[in-house]
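Asker: Quick one: this structure, given as structure tokens, is what I'll be asking you about.
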Amino acid sequence: MRFTVDFLVVGSGIAGLSFALKVAPYGKVCILTKGDASEGSTRYAQGGIAAVMYDSDSFDKHIQDTLVAGDGICDREVVEMTIREAPDRIRELVQYGVNFDLDKHGDRFDLHREGGHSEFRILHHKDNTGEEIERGLLEAARRHPNIEIKERQFAIDIITQHHLGQRVTKHTPDIECYGVYALDCDTNRIDTYLSKVTLLATGGMGNVYSTTTTPIISTGDGVAMVHRARGVLSDLEFMQFHPTSLYNPAEKPAFLITEAMRGAGAILKDFDGHEFMQKYDSRLSLAPRDIVARAIDNEMKLSGKEHLYLDARGIGKKHLIEGFPTIYAKCLSIGIDITKDMIPIRPAAHYQCGGIKVDRNGESSIHHLYAAGECSCTGLHGGNRLASNSLLEAVVYAHNAAQSAIAAIGGITTNNAVPDWNAEGMVLNEEMVLITQTKRELQEIMWNYVGIVRSDLRLQRAFDRLNLIFRETEDLYNRSVLTEPLSELRNLIACAYLIIKMARARRQNVGLHYSLDLVEK
Ligand code: FAD
Ligand code: SIN
């Protein structure tokens, strides 16, 4: 089937929903989302959203903290713009119906602190901030008459001149986006969505790795689509590993233990109950994430242990139960009482700092194609994202992209010459086990060779092994009916390839990219 809309949004997390709400007064909006609308990283966000709301803090301090965490390679103008816009975007979230916790007097936001922040500036809703943001935005979007949300619609590819039979390379100067092809996961039909403006808000790619805090939908689809469409991508070597995911090996995704717990006083310890961060950084357990994750990784390798501990007992029973109810209940469900026991933790792939390269308006190198949220690369994070700057970046760039798209849409016409998806020549689907097994292999390769600590040899090994998987999967793709798992696998392979390629090209240790063969920046 063919559908024509003004604004097409792929993804229903904080970025997609914020953009949709802003453009909705100016045209027909369709949101495609591959699972249930509420499923995505947004709803699992715990810590909160960083913003300078009161005079006790300052924009300059938040800017400085972001630049320091980014290890000197953030885009300073982008950092300044994002942080100065933050209070306005927070007020809009509140207007959409999102609730943040207030302090005991009830007239100011209660603020948390996380690693790398010099001040308490994290707005939160208990320890389930993302769930509250997703609820508020989704309810607002569902109320809007111009917004249609279509669940279980899997965007496969961006439509460009390539689909009109023209040769498109990365040197083609004016690649244009006319919409997307999307698989209806209920009927297995591939539909054509034509749009004047398209926003990719497809989230992260944590599932490139075997241990990740990200939900199963985070398979880098947007990045892979832009890669296939020959758009510009950047900074994918900077995969952020969160230092403290709950060590519960059978559980996928790994459950997060928020950094706000360290902000409240929890301390990293080894098996003997000794602190160890003093060996690595004067900021101890509250050093930026790249440093803490590497320290834990090193301690685990030295001791041969599969995890270390976070000791939250000093925070006190009342504060723990009231301030971190989700974590308290989760740990209790597997026999850990965090008011009495230390919490077993280990690092997990958490956030992709790189992605689809966008300008300050959120526009990609492909005309009429915008990107916002985790799938984009704005320059805010540099080599390492500061905690709780991700939700902030998503709302700031959804806003900027919306303003730019609203201004541009009057001059854009729908391209009706686009053909429907060609499914000719495809035979029955291959065994599912081939796909799941290959995905597992890929995740192990990336975890073992392209993880927190890298080397030239490890990257070469990963590349060689990935090459084999790539060829086998392309062969499968050419013979099979397209399904969501197969499409996701191809996307994960594309993302893994891009991470390795960019990691090999980065010849200095900076931020999250750390190789045994390279010198410090
Ligand atoms: P998501 O919320 O991940 O949404 C992606 C959407 O795209 C989904 O709706 C998905 O279905 C859809 N989609 C993807 N591919 C396709 C496709 N092919 N076709 C159709 N739809 C598709 N950041 C902070 O700033 N503060 C925090 O406290 C914080 N805590 C976190 C805790 C956890 C456990 C995790 C995993 C992340 C956390 N982050 C946090 C990071 C932050 O939550 C994410 O970066 C952010 O929510 C991403 O929002 P998004 O809108 O870009 O993507
Ligand atoms: C956390 O709560 O520790 C996650 C915050 C983030 O990813 O920014």
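Residues in the structure tokens are named by chain (A, B, ... in the order shown) and by number from 1 within that chain; ligands are numbered from 1 in the order shown.
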Using only C-alpha atoms and all ligand atoms, which protein or nucleic acid residues are at most 6 Å from ligand 1, as a PyMOL selection string?

Answerer: chain A and resi 10-16+32-35+37+39-42+44-49+153-156+201-204+213-214+217+221+256+350+373-375+388-391

Asker: Any idea what's packed within 10 Å of Lys22 of chain A, counting only C-alpha atoms, ignoring anything in its chain fewer than 5 positions away? Could you give it as a list in words?

Answerer: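 My list of contacting residues is Leu17, Ala141, Ala398, His399, Asn400, Ala401, Ala402, Gln403 and Ile406 of chain A.
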
Asker: Please run DSSP on the backbone and report, as a count of residues only, all residues within segment 228-381 of chain A that come out as strand (DSSP E).

Answerer: 35

Asker: Rank nothing, just name the residue among A:Leu386, A:Ala394, A:Leu320, A:Val79 nearest to ligand 2, using only C-alpha atoms and all ligand atoms.

Answerer: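 Checking each candidate against ligand 2, we get A:Leu386 as the closest.
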
Asker: When distances are computed from only C-alpha atoms, which of A:Pro215, A:Gly206, A:Gly72, A:Gly411 shows the smallest separation from Gln352 of chain A?

Answerer: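 Once distances to Gln352 of chain A are computed over only C-alpha atoms, the minimum belongs to A:Gly206.
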
Asker: Just list as a PyMOL selection string whatever in segment 19-183 of chain A DSSP marks as helix (DSSP H, G or I).

Answerer: chain A and resi 19-26+41-44+59-69+76-96+129-143+161-164

Asker: Skipping near chain neighbours, those fewer than 2 positions away, what residues fall within 12 Å of segment 331-340 of chain A using only C-alpha atoms, listed as a VMD selection string?

Answerer: chain A and resid 245 to 251 255 to 257 261 266 309 to 322 324 to 329 342 to 345

Asker: With N, CA, C and O atoms retained, could you export that selection as a CSV table (one decimal), in the first residue's frame?

Answerer:
chain,number,residue,atom,x,y,z
A,245,SER,N,25.8,-1.9,35.4
A,245,SER,CA,24.6,-2.7,35.2
A,245,SER,C,24.5,-3.8,36.2
A,245,SER,O,25.6,-4.3,36.6
A,246,LEU,N,23.3,-4.2,36.6
A,246,LEU,CA,23.2,-5.3,37.6
A,246,LEU,C,23.7,-6.6,37.0
A,246,LEU,O,23.4,-7.0,35.9
A,247,TYR,N,24.6,-7.3,37.7
A,247,TYR,CA,25.2,-8.6,37.3
A,247,TYR,C,24.1,-9.7,37.5
A,247,TYR,O,23.9,-10.1,38.7
A,248,ASN,N,23.5,-10.0,36.5
A,248,ASN,CA,22.4,-11.1,36.6
A,248,ASN,C,22.5,-11.7,35.2
A,248,ASN,O,21.6,-11.4,34.3
A,249,PRO,N,23.5,-12.6,34.9
A,249,PRO,CA,23.9,-12.9,33.6
A,249,PRO,C,22.8,-13.4,32.6
A,249,PRO,O,22.8,-13.1,31.5
A,250,ALA,N,21.8,-14.1,33.2
A,250,ALA,CA,20.7,-14.6,32.3
A,250,ALA,C,19.8,-13.5,31.8
A,250,ALA,O,19.0,-13.8,30.9
A,251,GLU,N,19.8,-12.4,32.4
A,251,GLU,CA,18.8,-11.3,32.1
A,251,GLU,C,19.3,-10.4,30.9
A,251,GLU,O,20.4,-9.9,30.9
A,255,PHE,N,19.8,-5.0,33.5
A,255,PHE,CA,19.1,-4.0,34.3
A,255,PHE,C,20.1,-2.9,34.7
A,255,PHE,O,21.2,-3.2,35.3
A,256,LEU,N,19.8,-1.6,34.6
A,256,LEU,CA,20.7,-0.6,35.0
A,256,LEU,C,20.6,-0.2,36.5
A,256,LEU,O,19.5,-0.2,37.0
A,257,ILE,N,21.8,0.1,37.1
A,257,ILE,CA,21.8,0.7,38.4
A,257,ILE,C,22.2,2.1,38.2
A,257,ILE,O,23.4,2.4,37.9
A,261,MET,N,22.7,6.9,42.0
A,261,MET,CA,23.0,6.2,43.2
A,261,MET,C,24.4,6.5,43.7
A,261,MET,O,24.6,6.7,44.9
A,266,ALA,N,26.7,6.1,46.9
A,266,ALA,CA,27.1,4.7,46.8
A,266,ALA,C,28.5,4.6,46.2
A,266,ALA,O,29.0,5.5,45.5
A,309,TYR,N,31.3,-4.7,42.9
A,309,TYR,CA,30.2,-4.4,43.7
A,309,TYR,C,29.9,-2.9,43.7
A,309,TYR,O,30.9,-2.1,43.7
A,310,LEU,N,28.7,-2.5,43.9
A,310,LEU,CA,28.3,-1.1,44.3
A,310,LEU,C,27.7,-1.2,45.7
A,310,LEU,O,26.7,-2.0,45.9
A,311,ASP,N,28.3,-0.5,46.6
A,311,ASP,CA,27.8,-0.5,48.0
A,311,ASP,C,27.0,0.8,48.2
A,311,ASP,O,27.5,1.9,48.4
A,312,ALA,N,25.7,0.5,48.3
A,312,ALA,CA,24.7,1.7,48.5
A,312,ALA,C,24.2,1.8,49.9
A,312,ALA,O,23.4,2.6,50.2
A,313,ARG,N,24.8,0.9,50.8
A,313,ARG,CA,24.2,0.8,52.1
A,313,ARG,C,24.3,2.1,52.9
A,313,ARG,O,23.4,2.4,53.7
A,314,GLY,N,25.4,2.9,52.6
A,314,GLY,CA,25.6,4.1,53.3
A,314,GLY,C,24.5,5.2,53.0
A,314,GLY,O,24.4,6.2,53.8
A,315,ILE,N,23.7,5.0,52.0
A,315,ILE,CA,22.7,6.0,51.6
A,315,ILE,C,21.6,6.0,52.7
A,315,ILE,O,20.9,7.0,52.9
A,316,GLY,N,21.4,4.8,53.3
A,316,GLY,CA,20.3,4.8,54.3
A,316,GLY,C,19.1,4.1,53.7
A,316,GLY,O,18.7,4.4,52.6
A,317,LYS,N,18.4,3.4,54.6
A,317,LYS,CA,17.3,2.6,54.2
A,317,LYS,C,16.1,3.4,53.6
A,317,LYS,O,15.6,3.1,52.5
A,318,LYS,N,15.8,4.5,54.3
A,318,LYS,CA,14.6,5.3,53.9
A,318,LYS,C,14.9,5.9,52.5
A,318,LYS,O,14.0,5.8,51.6
A,319,HIS,N,16.0,6.6,52.4
A,319,HIS,CA,16.3,7.2,51.1
A,319,HIS,C,16.4,6.2,50.0
A,319,HIS,O,15.9,6.4,48.8
A,320,LEU,N,17.0,5.0,50.2
A,320,LEU,CA,17.1,4.0,49.2
A,320,LEU,C,15.7,3.5,48.7
A,320,LEU,O,15.4,3.4,47.5
A,321,ILE,N,14.8,3.2,49.7
A,321,ILE,CA,13.5,2.7,49.3
A,321,ILE,C,12.6,3.7,48.7
A,321,ILE,O,12.0,3.5,47.7
A,322,GLU,N,12.7,5.0,49.2
A,322,GLU,CA,11.8,6.0,48.6
A,322,GLU,C,12.4,6.6,47.4
A,322,GLU,O,11.7,7.0,46.4
A,324,PHE,N,14.8,5.3,45.3
A,324,PHE,CA,15.2,4.3,44.2
A,324,PHE,C,14.3,3.1,44.3
A,324,PHE,O,14.8,2.0,44.4
A,325,PRO,N,13.0,3.3,44.2
A,325,PRO,CA,12.0,2.2,44.4
A,325,PRO,C,12.1,1.1,43.4
A,325,PRO,O,12.0,-0.1,43.7
A,326,THR,N,12.4,1.5,42.1
A,326,THR,CA,12.5,0.5,41.0
A,326,THR,C,13.7,-0.4,41.3
A,326,THR,O,13.6,-1.6,41.1
A,327,ILE,N,14.8,0.2,41.6
A,327,ILE,CA,16.0,-0.6,41.8
A,327,ILE,C,15.9,-1.5,43.0
A,327,ILE,O,16.3,-2.7,43.0
A,328,TYR,N,15.3,-0.9,44.1
A,328,TYR,CA,15.2,-1.7,45.3
A,328,TYR,C,14.3,-2.9,45.0
A,328,TYR,O,14.7,-4.0,45.4
A,329,ALA,N,13.2,-2.7,44.3
A,329,ALA,CA,12.3,-3.8,44.1
A,329,ALA,C,12.9,-4.8,43.1
A,329,ALA,O,12.8,-6.1,43.3
A,342,MET,N,25.7,-5.6,49.2
A,342,MET,CA,26.3,-4.9,48.1
A,342,MET,C,25.6,-5.4,46.8
A,342,MET,O,25.2,-6.5,46.7
A,343,ILE,N,25.6,-4.5,45.8
A,343,ILE,CA,24.9,-4.9,44.6
A,343,ILE,C,26.0,-5.3,43.6
A,343,ILE,O,27.0,-4.6,43.3
A,344,PRO,N,25.9,-6.6,43.0
A,344,PRO,CA,26.9,-7.0,42.0
A,344,PRO,C,26.7,-6.3,40.7
A,344,PRO,O,25.5,-6.2,40.2
A,345,ILE,N,27.7,-5.7,40.2
A,345,ILE,CA,27.6,-4.9,39.0
A,345,ILE,C,28.7,-5.2,38.0
A,345,ILE,O,29.8,-5.8,38.3

Asker: Using only C-alpha atoms and all ligand atoms, pick whichever of A:Asp127, A:Asp517, A:Glu431, A:Asp297 has the shortest atom-to-atom distance to ligand 2.

Answerer: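 For ligand 2, the nearest of the given residues is A:Asp127.
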
Asker: Between atom CA of Arg506 of chain A and atom CA of Met446 of chain A, what is the distance, to one decimal in Å?

Answerer: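 One can read the atom CA of Arg506 of chain A to atom CA of Met446 of chain A distance as 17.2 Å.
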
Asker: Which residues are close to Ile356 of chain A, i.e. within 8 Å by only C-alpha atoms, leaving aside same-chain residues fewer than 5 positions away? Reply as a PyMOL selection string.

Answerer: chain A and resi 222-223+226+231-234+364+371+375-377

Asker: Would you mind listing what lies within 8 Å of His163 of chain A as a count of residues only, with only C-alpha atoms counted and same-chain residues fewer than 4 positions away left out?

Answerer: 3

Asker: Between atom CA of Gln161 of chain A and atom CA of Leu183 of chain A, what is the distance in Å, rounded to a tenth?

Answerer: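 For atom CA of Gln161 of chain A relative to atom CA of Leu183 of chain A, the distance reads 20.3 Å.
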
Asker: Return the single residue from A:Val510, A:Ile147, A:Ala50, A:Ile493 that is closest to ligand 2, with distances computed using only C-alpha atoms and all ligand atoms.

Answerer: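 Smallest separation from ligand 2 among the options: A:Ala50.
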
Asker: I'd like to know which of A:Met277, A:Val396, A:Ser487, A:Arg289 is closest to Arg91 of chain A, using only C-alpha atoms.

Answerer: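 The shortest atom-to-atom distance to Arg91 of chain A comes from A:Val396.
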
Asker: Taking only C-alpha atoms and all ligand atoms into account, which of A:Glu472, A:Glu139, A:Glu275, A:Glu259 comes nearest ligand 2?

Answerer: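 Ranking A:Glu472, A:Glu139, A:Glu275, A:Glu259 by distance to ligand 2, first place goes to A:Glu259.
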
Asker: Please identify all polymer residues within 12 Å of Arg189 of chain A, counting only C-alpha atoms, omitting same-chain residues fewer than 5 positions from it, and present them as a ChimeraX atom specification.

Answerer: /A:1-2,152-156,181-184,420-423,481-484

Asker: Take the residues from that selection and write them out as a compact mmCIF listing (two decimals), in the first residue's frame, keeping all heavy atoms.

Answerer:
# COMPACT_ATOMS: atom_id res chain seq x y z
N MET A 1 0.84 -1.20 0.00
CA MET A 1 0.00 0.00 0.00
C MET A 1 0.88 1.25 0.00
O MET A 1 2.02 1.19 0.39
CB MET A 1 -0.90 0.00 1.24
CG MET A 1 -1.99 -1.06 1.17
SD MET A 1 -3.05 -1.03 2.61
CE MET A 1 -4.02 0.45 2.31
N ARG A 2 0.29 2.35 -0.43
CA ARG A 2 1.02 3.63 -0.45
C ARG A 2 0.34 4.61 0.49
O ARG A 2 -0.90 4.69 0.50
CB ARG A 2 1.02 4.21 -1.86
CG ARG A 2 1.98 3.54 -2.80
CD ARG A 2 1.71 3.99 -4.21
NE ARG A 2 2.47 5.17 -4.61
CZ ARG A 2 3.71 5.14 -5.03
NH1 ARG A 2 4.37 4.00 -5.07
NH2 ARG A 2 4.33 6.24 -5.42
N ARG A 152 4.16 -1.59 15.17
CA ARG A 152 4.60 -2.80 14.44
C ARG A 152 4.82 -2.54 12.96
O ARG A 152 4.52 -3.36 12.10
CB ARG A 152 3.63 -3.96 14.70
CG ARG A 152 3.56 -4.34 16.19
CD ARG A 152 2.75 -5.56 16.50
NE ARG A 152 3.01 -6.70 15.63
CZ ARG A 152 4.11 -7.45 15.66
NH1 ARG A 152 5.08 -7.16 16.50
NH2 ARG A 152 4.26 -8.45 14.83
N GLN A 153 5.32 -1.34 12.66
CA GLN A 153 5.70 -0.98 11.29
C GLN A 153 7.20 -0.76 11.29
O GLN A 153 7.70 0.16 11.94
CB GLN A 153 4.97 0.30 10.84
CG GLN A 153 3.47 0.23 10.97
CD GLN A 153 2.86 -0.88 10.13
OE1 GLN A 153 3.22 -1.05 8.96
NE2 GLN A 153 1.94 -1.64 10.71
N PHE A 154 7.91 -1.62 10.58
CA PHE A 154 9.38 -1.63 10.63
C PHE A 154 9.95 -0.93 9.40
O PHE A 154 9.83 -1.45 8.28
CB PHE A 154 9.85 -3.09 10.69
CG PHE A 154 11.33 -3.24 10.85
CD1 PHE A 154 11.89 -3.44 12.09
CD2 PHE A 154 12.17 -3.16 9.75
CE1 PHE A 154 13.26 -3.58 12.24
CE2 PHE A 154 13.54 -3.29 9.88
CZ PHE A 154 14.09 -3.50 11.13
N ALA A 155 10.54 0.24 9.60
CA ALA A 155 11.15 0.96 8.47
C ALA A 155 12.37 0.18 7.98
O ALA A 155 13.26 -0.17 8.77
CB ALA A 155 11.55 2.36 8.89
N ILE A 156 12.39 -0.09 6.68
CA ILE A 156 13.47 -0.92 6.13
C ILE A 156 14.55 -0.05 5.49
O ILE A 156 15.73 -0.24 5.70
CB ILE A 156 12.92 -1.85 5.03
CG1 ILE A 156 11.86 -2.76 5.59
CG2 ILE A 156 14.03 -2.63 4.37
CD1 ILE A 156 11.08 -3.45 4.49
N TYR A 181 10.42 2.83 2.94
CA TYR A 181 9.71 1.56 2.79
C TYR A 181 9.62 0.95 4.19
O TYR A 181 10.61 0.98 4.94
CB TYR A 181 10.47 0.59 1.88
CG TYR A 181 10.50 1.02 0.43
CD1 TYR A 181 11.71 1.32 -0.19
CD2 TYR A 181 9.33 1.11 -0.31
CE1 TYR A 181 11.75 1.70 -1.52
CE2 TYR A 181 9.36 1.50 -1.65
CZ TYR A 181 10.57 1.79 -2.25
OH TYR A 181 10.59 2.19 -3.56
N ALA A 182 8.44 0.41 4.50
CA ALA A 182 8.28 -0.16 5.85
C ALA A 182 7.53 -1.49 5.78
O ALA A 182 6.57 -1.64 5.01
CB ALA A 182 7.55 0.81 6.75
N LEU A 183 8.02 -2.42 6.59
CA LEU A 183 7.41 -3.75 6.68
C LEU A 183 6.30 -3.72 7.73
O LEU A 183 6.55 -3.34 8.88
CB LEU A 183 8.49 -4.75 7.08
CG LEU A 183 8.06 -6.18 7.38
CD1 LEU A 183 7.72 -6.92 6.09
CD2 LEU A 183 9.18 -6.91 8.12
N ASP A 184 5.10 -4.10 7.30
CA ASP A 184 4.02 -4.25 8.26
C ASP A 184 4.22 -5.62 8.93
O ASP A 184 4.06 -6.66 8.28
CB ASP A 184 2.67 -4.18 7.52
CG ASP A 184 1.49 -4.30 8.48
OD1 ASP A 184 1.61 -5.05 9.46
OD2 ASP A 184 0.47 -3.64 8.23
N ASP A 420 6.87 1.09 -5.90
CA ASP A 420 6.70 0.28 -4.70
C ASP A 420 7.88 -0.67 -4.55
O ASP A 420 8.64 -0.90 -5.50
CB ASP A 420 5.36 -0.46 -4.73
CG ASP A 420 4.21 0.50 -4.45
OD1 ASP A 420 4.46 1.53 -3.79
OD2 ASP A 420 3.08 0.24 -4.90
N TRP A 421 8.02 -1.23 -3.37
CA TRP A 421 9.11 -2.17 -3.06
C TRP A 421 9.05 -3.38 -4.00
O TRP A 421 7.97 -3.93 -4.24
CB TRP A 421 8.98 -2.63 -1.61
CG TRP A 421 9.99 -3.63 -1.15
CD1 TRP A 421 9.87 -4.99 -1.15
CD2 TRP A 421 11.28 -3.34 -0.61
NE1 TRP A 421 10.99 -5.57 -0.64
CE2 TRP A 421 11.88 -4.58 -0.28
CE3 TRP A 421 12.00 -2.17 -0.35
CZ2 TRP A 421 13.16 -4.67 0.27
CZ3 TRP A 421 13.26 -2.26 0.22
CH2 TRP A 421 13.83 -3.51 0.51
N ASN A 422 10.20 -3.77 -4.50
CA ASN A 422 10.24 -4.91 -5.41
C ASN A 422 10.60 -6.18 -4.63
O ASN A 422 11.73 -6.34 -4.21
CB ASN A 422 11.29 -4.62 -6.50
CG ASN A 422 11.39 -5.77 -7.49
OD1 ASN A 422 10.66 -6.75 -7.37
ND2 ASN A 422 12.28 -5.64 -8.45
N ALA A 423 9.60 -7.05 -4.47
CA ALA A 423 9.85 -8.28 -3.69
C ALA A 423 10.01 -9.49 -4.61
O ALA A 423 9.99 -10.62 -4.17
CB ALA A 423 8.70 -8.51 -2.73
N VAL A 481 12.56 -14.15 2.03
CA VAL A 481 11.54 -13.13 2.23
C VAL A 481 12.04 -12.23 3.37
O VAL A 481 12.58 -12.73 4.36
CB VAL A 481 10.20 -13.79 2.63
CG1 VAL A 481 9.19 -12.74 3.08
CG2 VAL A 481 9.67 -14.63 1.49
N LEU A 482 11.86 -10.93 3.21
CA LEU A 482 12.39 -10.02 4.23
C LEU A 482 11.54 -10.08 5.50
O LEU A 482 10.32 -9.96 5.46
CB LEU A 482 12.42 -8.59 3.69
CG LEU A 482 13.21 -7.61 4.53
CD1 LEU A 482 14.64 -8.06 4.73
CD2 LEU A 482 13.17 -6.22 3.92
N THR A 483 12.21 -10.27 6.62
CA THR A 483 11.51 -10.29 7.91
C THR A 483 12.19 -9.27 8.83
O THR A 483 13.31 -8.83 8.55
CB THR A 483 11.61 -11.67 8.58
OG1 THR A 483 13.01 -11.96 8.77
CG2 THR A 483 10.95 -12.74 7.76
N GLU A 484 11.54 -8.96 9.93
CA GLU A 484 12.14 -8.02 10.87
C GLU A 484 13.46 -8.54 11.44
O GLU A 484 14.45 -7.81 11.46
CB GLU A 484 11.12 -7.71 11.98
CG GLU A 484 11.62 -6.68 12.94
CD GLU A 484 10.61 -6.36 14.04
OE1 GLU A 484 9.48 -6.88 14.01
OE2 GLU A 484 10.97 -5.59 14.94

Asker: When you draw a straight line from atom CA of Phe120 of chain A to atom CA of Leu138 of chain A, how long is it in Å?

Answerer: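 Straight-line distance from atom CA of Phe120 of chain A to atom CA of Leu138 of chain A works out to 28.2 Å.
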